[in-house]
Amino acid sequence: MQLLQEYLRQEMPLIQKNNIRMRFLGRADDLPEGVRRDTREAEAETAKNTGTVLCVALNYGGRAEIVDAVNRILQEKKISGDANVTEEEFAEKMYTAGLPDPDLLIRTSGEMRVSNFLLWQIAYAEIYVTETLWPDFNRARLLEAFVDYQKRERRYGGIGEGNVGNPVRAAGE
């Protein structure tokens, strides 16, 4: 955590120069007070930036995020008395509220699982698996992932031309 705090202090001028907005995802209340303060300040200092959004997951778990969203909704419903919840309302309570869902999930080290990461948000993400270990995942590997992604037909769970008449494939979307 100290490394994170040092990074935020040292890199904030570069983050600002590059118009990067920072978001921190996870259960912040369980983090040390100094880390909470520094992450709040980083988010506040970069809130008006309009470039890339850099999301940093700290004390994050996909299941915990879903539970936290449900608890926020239940608290609001207790006040309003409305029992129905829409997908949009649910998404607004997630840690990533206001951000688009990922289009591409890159999984390094050949792992064939999502590891409790952005479970709700990656529902329609394309998954790219590489044997490259994270420390060795460089710009060239990222470019390979992007080229592979560009070759794919995105259907977002719908039935594309290739799925017509193939209910097994269509149901597996």
# chains A, B, ... in the order shown; residues from 1 in each chain; ligands from 1
call {"tool": "select_by_dssp", "arguments": {"residues": "segment 30-168 of chain A", "states": "alpha helix (DSSP H)", "output": "number ranges by chain"}}
result
A: 33-46, 62-80, 87-92, 139-150, 167-168
call {"tool": "closest_atom_pairs", "arguments": {"of": "segment 51-91 of chain A", "to": "segment 17-32 of chain A", "cutoff": "6 Å", "atoms": "only C-alpha atoms", "output": "JSON lines"}}
result
{"residue": "A:Gly51", "atom": "CA", "partner": "A:Asn19", "partner_atom": "CA", "distance": 5.0}
{"residue": "A:Thr52", "atom": "CA", "partner": "A:Ile20", "partner_atom": "CA", "distance": 5.0}
{"residue": "A:Val53", "atom": "CA", "partner": "A:Arg21", "partner_atom": "CA", "distance": 4.7}
{"residue": "A:Leu54", "atom": "CA", "partner": "A:Met22", "partner_atom": "CA", "distance": 4.9}
{"residue": "A:Cys55", "atom": "CA", "partner": "A:Arg23", "partner_atom": "CA", "distance": 4.7}
{"residue": "A:Val56", "atom": "CA", "partner": "A:Phe24", "partner_atom": "CA", "distance": 4.8}
{"residue": "A:Ala57", "atom": "CA", "partner": "A:Leu25", "partner_atom": "CA", "distance": 4.7}
{"residue": "A:Leu58", "atom": "CA", "partner": "A:Gly26", "partner_atom": "CA", "distance": 5.3}
{"residue": "A:Asn59", "atom": "CA", "partner": "A:Gly26", "partner_atom": "CA", "distance": 5.1}
{"residue": "A:Tyr60", "atom": "CA", "partner": "A:Gly26", "partner_atom": "CA", "distance": 4.1}
call {"tool": "closest_residue", "arguments": {"among": "A:Trp120, A:Tyr156, A:Tyr128, A:Phe90", "to": "Arg107 of chain A", "atoms": "only C-alpha atoms"}}
result
A:Tyr128
call {"tool": "closest_atom_pairs", "arguments": {"of": "segment 76-154 of chain A", "to": "segment 62-69 of chain A", "cutoff": "6 Å", "atoms": "only C-alpha atoms", "output": "CSV"}}
result
residue,atom,partner,partner_atom,distance
A:Lys93,CA,A:Ala69,CA,4.8
A:Met94,CA,A:Ala69,CA,5.4
A:Asn116,CA,A:Gly62,CA,4.8
A:Phe117,CA,A:Gly62,CA,5.0
A:Leu118,CA,A:Gly62,CA,5.1
A:Leu119,CA,A:Gly62,CA,5.3
call {"tool": "residues_around", "arguments": {"residues": "Val129 of chain A", "least_positions_apart": "3", "cutoff": "7 Å", "atoms": "only C-alpha atoms", "output": "mmCIF file with N, CA and C atoms, in the first residue's frame"}}
result
data_model
loop_
_atom_site.group_PDB
_atom_site.id
_atom_site.type_symbol
_atom_site.label_atom_id
_atom_site.label_comp_id
_atom_site.auth_asym_id
_atom_site.auth_seq_id
_atom_site.Cartn_x
_atom_site.Cartn_y
_atom_site.Cartn_z
ATOM 1 N N ILE A 106 -8.198 -9.342 -21.142
ATOM 2 C CA ILE A 106 -6.950 -10.027 -21.466
ATOM 3 C C ILE A 106 -6.526 -10.815 -20.244
ATOM 4 N N ARG A 107 -6.377 -12.111 -20.427
ATOM 5 C CA ARG A 107 -5.986 -13.000 -19.321
ATOM 6 C C ARG A 107 -4.571 -13.514 -19.602
ATOM 7 N N THR A 108 -3.637 -13.143 -18.747
ATOM 8 C CA THR A 108 -2.250 -13.549 -18.912
ATOM 9 C C THR A 108 -1.989 -14.893 -18.242
ATOM 10 N N GLY A 110 -1.874 -17.838 -19.323
ATOM 11 C CA GLY A 110 -2.601 -18.998 -19.806
ATOM 12 C C GLY A 110 -3.769 -19.429 -18.948
#
call {"tool": "select_by_dssp", "arguments": {"residues": "segment 15-135 of chain A", "states": "strand (DSSP E)", "output": "ChimeraX atom specification"}}
result
/A:21-25,53-57,104-107,126-129
call {"tool": "residues_around", "arguments": {"residues": "Thr132 of chain A", "least_positions_apart": "3", "cutoff": "7 Å", "atoms": "only C-alpha atoms", "output": "PyMOL selection string"}}
result
chain A and resi 108-109+136-137
call {"tool": "write_last_selection", "arguments": {"atoms": "all heavy atoms", "output": "short mmCIF file (atom, residue, chain, number, x, y, z; two decimals), in the first residue's frame"}}
result
data_model
loop_
_atom_site.label_atom_id
_atom_site.label_comp_id
_atom_site.auth_asym_id
_atom_site.auth_seq_id
_atom_site.Cartn_x
_atom_site.Cartn_y
_atom_site.Cartn_z
N THR A 108 -3.64 -13.14 -18.75
CA THR A 108 -2.25 -13.55 -18.91
C THR A 108 -1.99 -14.89 -18.24
O THR A 108 -2.84 -15.42 -17.54
CB THR A 108 -1.31 -12.48 -18.32
OG1 THR A 108 -1.62 -12.31 -16.94
CG2 THR A 108 -1.44 -11.15 -19.05
N SER A 109 -0.83 -15.43 -18.47
CA SER A 109 -0.29 -16.67 -17.89
C SER A 109 -1.09 -17.91 -18.25
O SER A 109 -1.02 -18.92 -17.56
CB SER A 109 -0.13 -16.55 -16.36
OG SER A 109 -1.37 -16.45 -15.70
N ASP A 136 5.83 -9.83 -18.21
CA ASP A 136 6.38 -9.80 -19.57
C ASP A 136 5.38 -9.31 -20.60
O ASP A 136 5.70 -9.23 -21.79
CB ASP A 136 6.87 -11.20 -19.96
CG ASP A 136 7.94 -11.72 -19.01
OD1 ASP A 136 8.80 -10.91 -18.60
OD2 ASP A 136 7.89 -12.91 -18.66
N PHE A 137 4.17 -8.97 -20.18
CA PHE A 137 3.13 -8.52 -21.10
C PHE A 137 3.43 -7.07 -21.47
O PHE A 137 3.20 -6.14 -20.70
CB PHE A 137 1.74 -8.66 -20.47
CG PHE A 137 0.63 -8.47 -21.45
CD1 PHE A 137 0.19 -9.53 -22.23
CD2 PHE A 137 0.01 -7.24 -21.61
CE1 PHE A 137 -0.84 -9.37 -23.15
CE2 PHE A 137 -1.01 -7.06 -22.53
CZ PHE A 137 -1.43 -8.13 -23.30
#
call {"tool": "residues_around", "arguments": {"residues": "segment 40-42 of chain A", "least_positions_apart": "3", "cutoff": "8 Å", "atoms": "only C-alpha atoms", "output": "compact mmCIF listing (two decimals) with all heavy atoms, in the first residue's frame"}}
result
# COMPACT_ATOMS: atom_id res chain seq x y z
N LEU A 8 1.19 7.46 -6.40
CA LEU A 8 0.22 8.54 -6.59
C LEU A 8 0.87 9.90 -6.41
O LEU A 8 0.62 10.83 -7.19
CB LEU A 8 -0.95 8.38 -5.62
CG LEU A 8 -1.89 7.21 -5.90
CD1 LEU A 8 -2.92 7.07 -4.78
CD2 LEU A 8 -2.57 7.36 -7.25
N MET A 12 1.36 11.93 -10.09
CA MET A 12 0.19 12.79 -10.29
C MET A 12 0.43 13.88 -11.34
O MET A 12 -0.46 14.11 -12.17
CB MET A 12 -0.29 13.39 -8.97
CG MET A 12 -1.64 14.08 -9.08
SD MET A 12 -2.97 13.07 -9.82
CE MET A 12 -3.17 11.81 -8.60
N MET A 22 -8.71 9.00 -12.68
CA MET A 22 -8.48 7.81 -11.86
C MET A 22 -9.75 7.41 -11.14
O MET A 22 -10.49 8.27 -10.64
CB MET A 22 -7.36 8.05 -10.85
CG MET A 22 -6.02 8.28 -11.50
SD MET A 22 -4.67 8.04 -10.37
CE MET A 22 -4.69 6.26 -10.19
N ARG A 36 -6.90 5.41 1.92
CA ARG A 36 -8.23 5.95 1.59
C ARG A 36 -8.12 7.43 1.27
O ARG A 36 -8.70 7.91 0.29
CB ARG A 36 -9.21 5.72 2.74
CG ARG A 36 -9.60 4.29 2.91
CD ARG A 36 -10.83 4.10 3.80
NE ARG A 36 -10.83 4.85 5.02
CZ ARG A 36 -10.51 4.36 6.23
NH1 ARG A 36 -10.16 3.10 6.36
NH2 ARG A 36 -10.57 5.11 7.29
N ARG A 37 -7.39 8.16 2.07
CA ARG A 37 -7.22 9.60 1.85
C ARG A 37 -6.55 9.87 0.50
O ARG A 37 -7.03 10.67 -0.29
CB ARG A 37 -6.39 10.22 2.98
CG ARG A 37 -6.18 11.72 2.83
CD ARG A 37 -5.14 12.27 3.80
NE ARG A 37 -3.84 11.65 3.54
CZ ARG A 37 -3.18 10.87 4.39
NH1 ARG A 37 -3.65 10.63 5.59
NH2 ARG A 37 -2.01 10.34 4.06
N GLU A 45 -8.75 15.03 -7.66
CA GLU A 45 -7.85 15.83 -8.50
C GLU A 45 -8.01 15.53 -9.98
O GLU A 45 -7.74 16.40 -10.82
CB GLU A 45 -6.39 15.58 -8.10
CG GLU A 45 -5.99 16.17 -6.77
CD GLU A 45 -4.56 15.83 -6.40
OE1 GLU A 45 -3.71 15.74 -7.32
OE2 GLU A 45 -4.29 15.66 -5.21
N THR A 46 -8.43 14.31 -10.31
CA THR A 46 -8.52 13.92 -11.73
C THR A 46 -9.96 13.83 -12.22
O THR A 46 -10.20 13.44 -13.37
CB THR A 46 -7.82 12.57 -11.96
OG1 THR A 46 -8.48 11.55 -11.21
CG2 THR A 46 -6.34 12.65 -11.56
call {"tool": "closest_residue", "arguments": {"among": "A:Asp101, A:Glu111, A:Glu131, A:Asp38", "to": "Leu4 of chain A", "atoms": "only C-alpha atoms"}}
result
A:Asp38
call {"tool": "closest_residue", "arguments": {"among": "A:Thr96, A:Gly157, A:Val70, A:Gln10", "to": "Asn84 of chain A", "atoms": "only C-alpha atoms"}}
result
A:Val70
call {"tool": "atom_distance", "arguments": {"atom1": "atom CA of Gly61 of chain A", "atom2": "atom CA of Val85 of chain A"}}
result
22.1 Å
call {"tool": "atom_distance", "arguments": {"atom1": "atom CA of Arg113 of chain A", "atom2": "atom CA of Ile127 of chain A"}}
result
9.8 Å
call {"tool": "closest_residue", "arguments": {"among": "A:Leu143, A:Leu105, A:Leu133, A:Ala125", "to": "Arg155 of chain A", "atoms": "only C-alpha atoms"}}
result
A:Ala125
call {"tool": "atom_distance", "arguments": {"atom1": "atom CA of Glu144 of chain A", "atom2": "atom CA of Asp103 of chain A"}}
result
15.4 Å
call {"tool": "decode", "arguments": {"residues": "segment 24-39 of chain A", "atoms": "all heavy atoms", "output": "PDB file, in the first residue's frame"}}
result
ATOM      1  N   PHE A  24     -10.964   4.189  -8.328  1.00  0.00           N
ATOM      2  CA  PHE A  24     -10.539   3.072  -7.484  1.00  0.00           C
ATOM      3  C   PHE A  24     -11.756   2.207  -7.207  1.00  0.00           C
ATOM      4  O   PHE A  24     -12.802   2.710  -6.796  1.00  0.00           O
ATOM      5  CB  PHE A  24      -9.899   3.590  -6.198  1.00  0.00           C
ATOM      6  CG  PHE A  24      -8.608   4.317  -6.462  1.00  0.00           C
ATOM      7  CD1 PHE A  24      -8.595   5.671  -6.723  1.00  0.00           C
ATOM      8  CD2 PHE A  24      -7.413   3.611  -6.495  1.00  0.00           C
ATOM      9  CE1 PHE A  24      -7.414   6.329  -7.003  1.00  0.00           C
ATOM     10  CE2 PHE A  24      -6.225   4.268  -6.782  1.00  0.00           C
ATOM     11  CZ  PHE A  24      -6.223   5.629  -7.035  1.00  0.00           C
ATOM     12  N   LEU A  25     -11.627   0.922  -7.476  1.00  0.00           N
ATOM     13  CA  LEU A  25     -12.723  -0.020  -7.342  1.00  0.00           C
ATOM     14  C   LEU A  25     -12.440  -0.954  -6.181  1.00  0.00           C
ATOM     15  O   LEU A  25     -11.329  -1.440  -6.042  1.00  0.00           O
ATOM     16  CB  LEU A  25     -12.855  -0.867  -8.616  1.00  0.00           C
ATOM     17  CG  LEU A  25     -12.799  -0.130  -9.954  1.00  0.00           C
ATOM     18  CD1 LEU A  25     -12.863  -1.135 -11.090  1.00  0.00           C
ATOM     19  CD2 LEU A  25     -13.903   0.886 -10.057  1.00  0.00           C
ATOM     20  N   GLY A  26     -13.435  -1.205  -5.357  1.00  0.00           N
ATOM     21  CA  GLY A  26     -13.279  -2.148  -4.257  1.00  0.00           C
ATOM     22  C   GLY A  26     -13.832  -1.584  -2.963  1.00  0.00           C
ATOM     23  O   GLY A  26     -14.425  -0.508  -2.928  1.00  0.00           O
ATOM     24  N   ARG A  27     -13.622  -2.353  -1.917  1.00  0.00           N
ATOM     25  CA  ARG A  27     -14.108  -1.967  -0.592  1.00  0.00           C
ATOM     26  C   ARG A  27     -13.092  -1.061   0.091  1.00  0.00           C
ATOM     27  O   ARG A  27     -12.257  -1.501   0.882  1.00  0.00           O
ATOM     28  CB  ARG A  27     -14.396  -3.216   0.240  1.00  0.00           C
ATOM     29  CG  ARG A  27     -15.604  -3.974  -0.270  1.00  0.00           C
ATOM     30  CD  ARG A  27     -15.898  -5.180   0.574  1.00  0.00           C
ATOM     31  NE  ARG A  27     -17.217  -5.723   0.235  1.00  0.00           N
ATOM     32  CZ  ARG A  27     -17.659  -6.887   0.668  1.00  0.00           C
ATOM     33  NH1 ARG A  27     -16.906  -7.644   1.466  1.00  0.00           N
ATOM     34  NH2 ARG A  27     -18.858  -7.308   0.320  1.00  0.00           N
ATOM     35  N   ALA A  28     -13.204   0.215  -0.198  1.00  0.00           N
ATOM     36  CA  ALA A  28     -12.245   1.199   0.302  1.00  0.00           C
ATOM     37  C   ALA A  28     -12.276   1.317   1.820  1.00  0.00           C
ATOM     38  O   ALA A  28     -11.247   1.597   2.438  1.00  0.00           O
ATOM     39  CB  ALA A  28     -12.512   2.555  -0.334  1.00  0.00           C
ATOM     40  N   ASP A  29     -13.429   1.088   2.429  1.00  0.00           N
ATOM     41  CA  ASP A  29     -13.539   1.260   3.878  1.00  0.00           C
ATOM     42  C   ASP A  29     -12.611   0.336   4.660  1.00  0.00           C
ATOM     43  O   ASP A  29     -12.279   0.623   5.806  1.00  0.00           O
ATOM     44  CB  ASP A  29     -14.984   1.034   4.340  1.00  0.00           C
ATOM     45  CG  ASP A  29     -15.913   2.127   3.850  1.00  0.00           C
ATOM     46  OD1 ASP A  29     -15.421   3.202   3.438  1.00  0.00           O
ATOM     47  OD2 ASP A  29     -17.135   1.910   3.878  1.00  0.00           O
ATOM     48  N   ASP A  30     -12.187  -0.758   4.051  1.00  0.00           N
ATOM     49  CA  ASP A  30     -11.308  -1.707   4.732  1.00  0.00           C
ATOM     50  C   ASP A  30      -9.829  -1.386   4.543  1.00  0.00           C
ATOM     51  O   ASP A  30      -8.976  -2.066   5.114  1.00  0.00           O
ATOM     52  CB  ASP A  30     -11.580  -3.130   4.230  1.00  0.00           C
ATOM     53  CG  ASP A  30     -12.985  -3.602   4.564  1.00  0.00           C
ATOM     54  OD1 ASP A  30     -13.584  -3.073   5.524  1.00  0.00           O
ATOM     55  OD2 ASP A  30     -13.492  -4.488   3.855  1.00  0.00           O
ATOM     56  N   LEU A  31      -9.512  -0.369   3.755  1.00  0.00           N
ATOM     57  CA  LEU A  31      -8.120   0.014   3.514  1.00  0.00           C
ATOM     58  C   LEU A  31      -7.625   0.929   4.625  1.00  0.00           C
ATOM     59  O   LEU A  31      -8.424   1.598   5.290  1.00  0.00           O
ATOM     60  CB  LEU A  31      -8.002   0.733   2.166  1.00  0.00           C
ATOM     61  CG  LEU A  31      -8.367  -0.091   0.935  1.00  0.00           C
ATOM     62  CD1 LEU A  31      -8.402   0.802  -0.298  1.00  0.00           C
ATOM     63  CD2 LEU A  31      -7.388  -1.239   0.744  1.00  0.00           C
ATOM     64  N   PRO A  32      -6.304   0.994   4.825  1.00  0.00           N
ATOM     65  CA  PRO A  32      -5.759   1.919   5.827  1.00  0.00           C
ATOM     66  C   PRO A  32      -6.173   3.366   5.520  1.00  0.00           C
ATOM     67  O   PRO A  32      -6.308   3.743   4.350  1.00  0.00           O
ATOM     68  CB  PRO A  32      -4.246   1.749   5.692  1.00  0.00           C
ATOM     69  CG  PRO A  32      -4.061   0.407   5.055  1.00  0.00           C
ATOM     70  CD  PRO A  32      -5.262   0.201   4.175  1.00  0.00           C
ATOM     71  N   GLU A  33      -6.343   4.154   6.552  1.00  0.00           N
ATOM     72  CA  GLU A  33      -6.835   5.531   6.400  1.00  0.00           C
ATOM     73  C   GLU A  33      -5.979   6.339   5.436  1.00  0.00           C
ATOM     74  O   GLU A  33      -6.509   7.093   4.615  1.00  0.00           O
ATOM     75  CB  GLU A  33      -6.913   6.245   7.750  1.00  0.00           C
ATOM     76  CG  GLU A  33      -7.279   7.723   7.661  1.00  0.00           C
ATOM     77  CD  GLU A  33      -8.537   8.016   6.842  1.00  0.00           C
ATOM     78  OE1 GLU A  33      -9.503   7.225   6.914  1.00  0.00           O
ATOM     79  OE2 GLU A  33      -8.557   9.024   6.110  1.00  0.00           O
ATOM     80  N   GLY A  34      -4.665   6.224   5.504  1.00  0.00           N
ATOM     81  CA  GLY A  34      -3.788   6.980   4.605  1.00  0.00           C
ATOM     82  C   GLY A  34      -4.034   6.637   3.144  1.00  0.00           C
ATOM     83  O   GLY A  34      -4.027   7.516   2.277  1.00  0.00           O
ATOM     84  N   VAL A  35      -4.276   5.374   2.857  1.00  0.00           N
ATOM     85  CA  VAL A  35      -4.553   4.938   1.483  1.00  0.00           C
ATOM     86  C   VAL A  35      -5.913   5.472   1.040  1.00  0.00           C
ATOM     87  O   VAL A  35      -6.054   5.971  -0.080  1.00  0.00           O
ATOM     88  CB  VAL A  35      -4.515   3.396   1.373  1.00  0.00           C
ATOM     89  CG1 VAL A  35      -4.932   2.933  -0.009  1.00  0.00           C
ATOM     90  CG2 VAL A  35      -3.126   2.875   1.717  1.00  0.00           C
ATOM     91  N   ARG A  36      -6.901   5.411   1.925  1.00  0.00           N
ATOM     92  CA  ARG A  36      -8.226   5.955   1.589  1.00  0.00           C
ATOM     93  C   ARG A  36      -8.119   7.433   1.266  1.00  0.00           C
ATOM     94  O   ARG A  36      -8.701   7.910   0.291  1.00  0.00           O
ATOM     95  CB  ARG A  36      -9.211   5.723   2.736  1.00  0.00           C
ATOM     96  CG  ARG A  36      -9.604   4.286   2.909  1.00  0.00           C
ATOM     97  CD  ARG A  36     -10.830   4.100   3.799  1.00  0.00           C
ATOM     98  NE  ARG A  36     -10.826   4.845   5.022  1.00  0.00           N
ATOM     99  CZ  ARG A  36     -10.512   4.359   6.231  1.00  0.00           C
ATOM    100  NH1 ARG A  36     -10.161   3.103   6.360  1.00  0.00           N
ATOM    101  NH2 ARG A  36     -10.567   5.106   7.291  1.00  0.00           N
ATOM    102  N   ARG A  37      -7.391   8.164   2.067  1.00  0.00           N
ATOM    103  CA  ARG A  37      -7.225   9.604   1.851  1.00  0.00           C
ATOM    104  C   ARG A  37      -6.553   9.870   0.504  1.00  0.00           C
ATOM    105  O   ARG A  37      -7.027  10.675  -0.294  1.00  0.00           O
ATOM    106  CB  ARG A  37      -6.393  10.219   2.978  1.00  0.00           C
ATOM    107  CG  ARG A  37      -6.176  11.723   2.831  1.00  0.00           C
ATOM    108  CD  ARG A  37      -5.141  12.273   3.798  1.00  0.00           C
ATOM    109  NE  ARG A  37      -3.838  11.655   3.535  1.00  0.00           N
ATOM    110  CZ  ARG A  37      -3.180  10.870   4.393  1.00  0.00           C
ATOM    111  NH1 ARG A  37      -3.653  10.627   5.592  1.00  0.00           N
ATOM    112  NH2 ARG A  37      -2.011  10.342   4.064  1.00  0.00           N
ATOM    113  N   ASP A  38      -5.466   9.151   0.213  1.00  0.00           N
ATOM    114  CA  ASP A  38      -4.732   9.385  -1.029  1.00  0.00           C
ATOM    115  C   ASP A  38      -5.550   9.002  -2.259  1.00  0.00           C
ATOM    116  O   ASP A  38      -5.489   9.692  -3.279  1.00  0.00           O
ATOM    117  CB  ASP A  38      -3.411   8.619  -1.016  1.00  0.00           C
ATOM    118  CG  ASP A  38      -2.408   9.223  -0.028  1.00  0.00           C
ATOM    119  OD1 ASP A  38      -2.653  10.321   0.499  1.00  0.00           O
ATOM    120  OD2 ASP A  38      -1.365   8.576   0.208  1.00  0.00           O
ATOM    121  N   THR A  39      -6.315   7.927  -2.177  1.00  0.00           N
ATOM    122  CA  THR A  39      -7.130   7.528  -3.333  1.00  0.00           C
ATOM    123  C   THR A  39      -8.283   8.511  -3.543  1.00  0.00           C
ATOM    124  O   THR A  39      -8.604   8.849  -4.680  1.00  0.00           O
ATOM    125  CB  THR A  39      -7.648   6.087  -3.202  1.00  0.00           C
ATOM    126  OG1 THR A  39      -8.391   5.932  -1.988  1.00  0.00           O
ATOM    127  CG2 THR A  39      -6.500   5.083  -3.242  1.00  0.00           C
TER     128      THR A  39
END
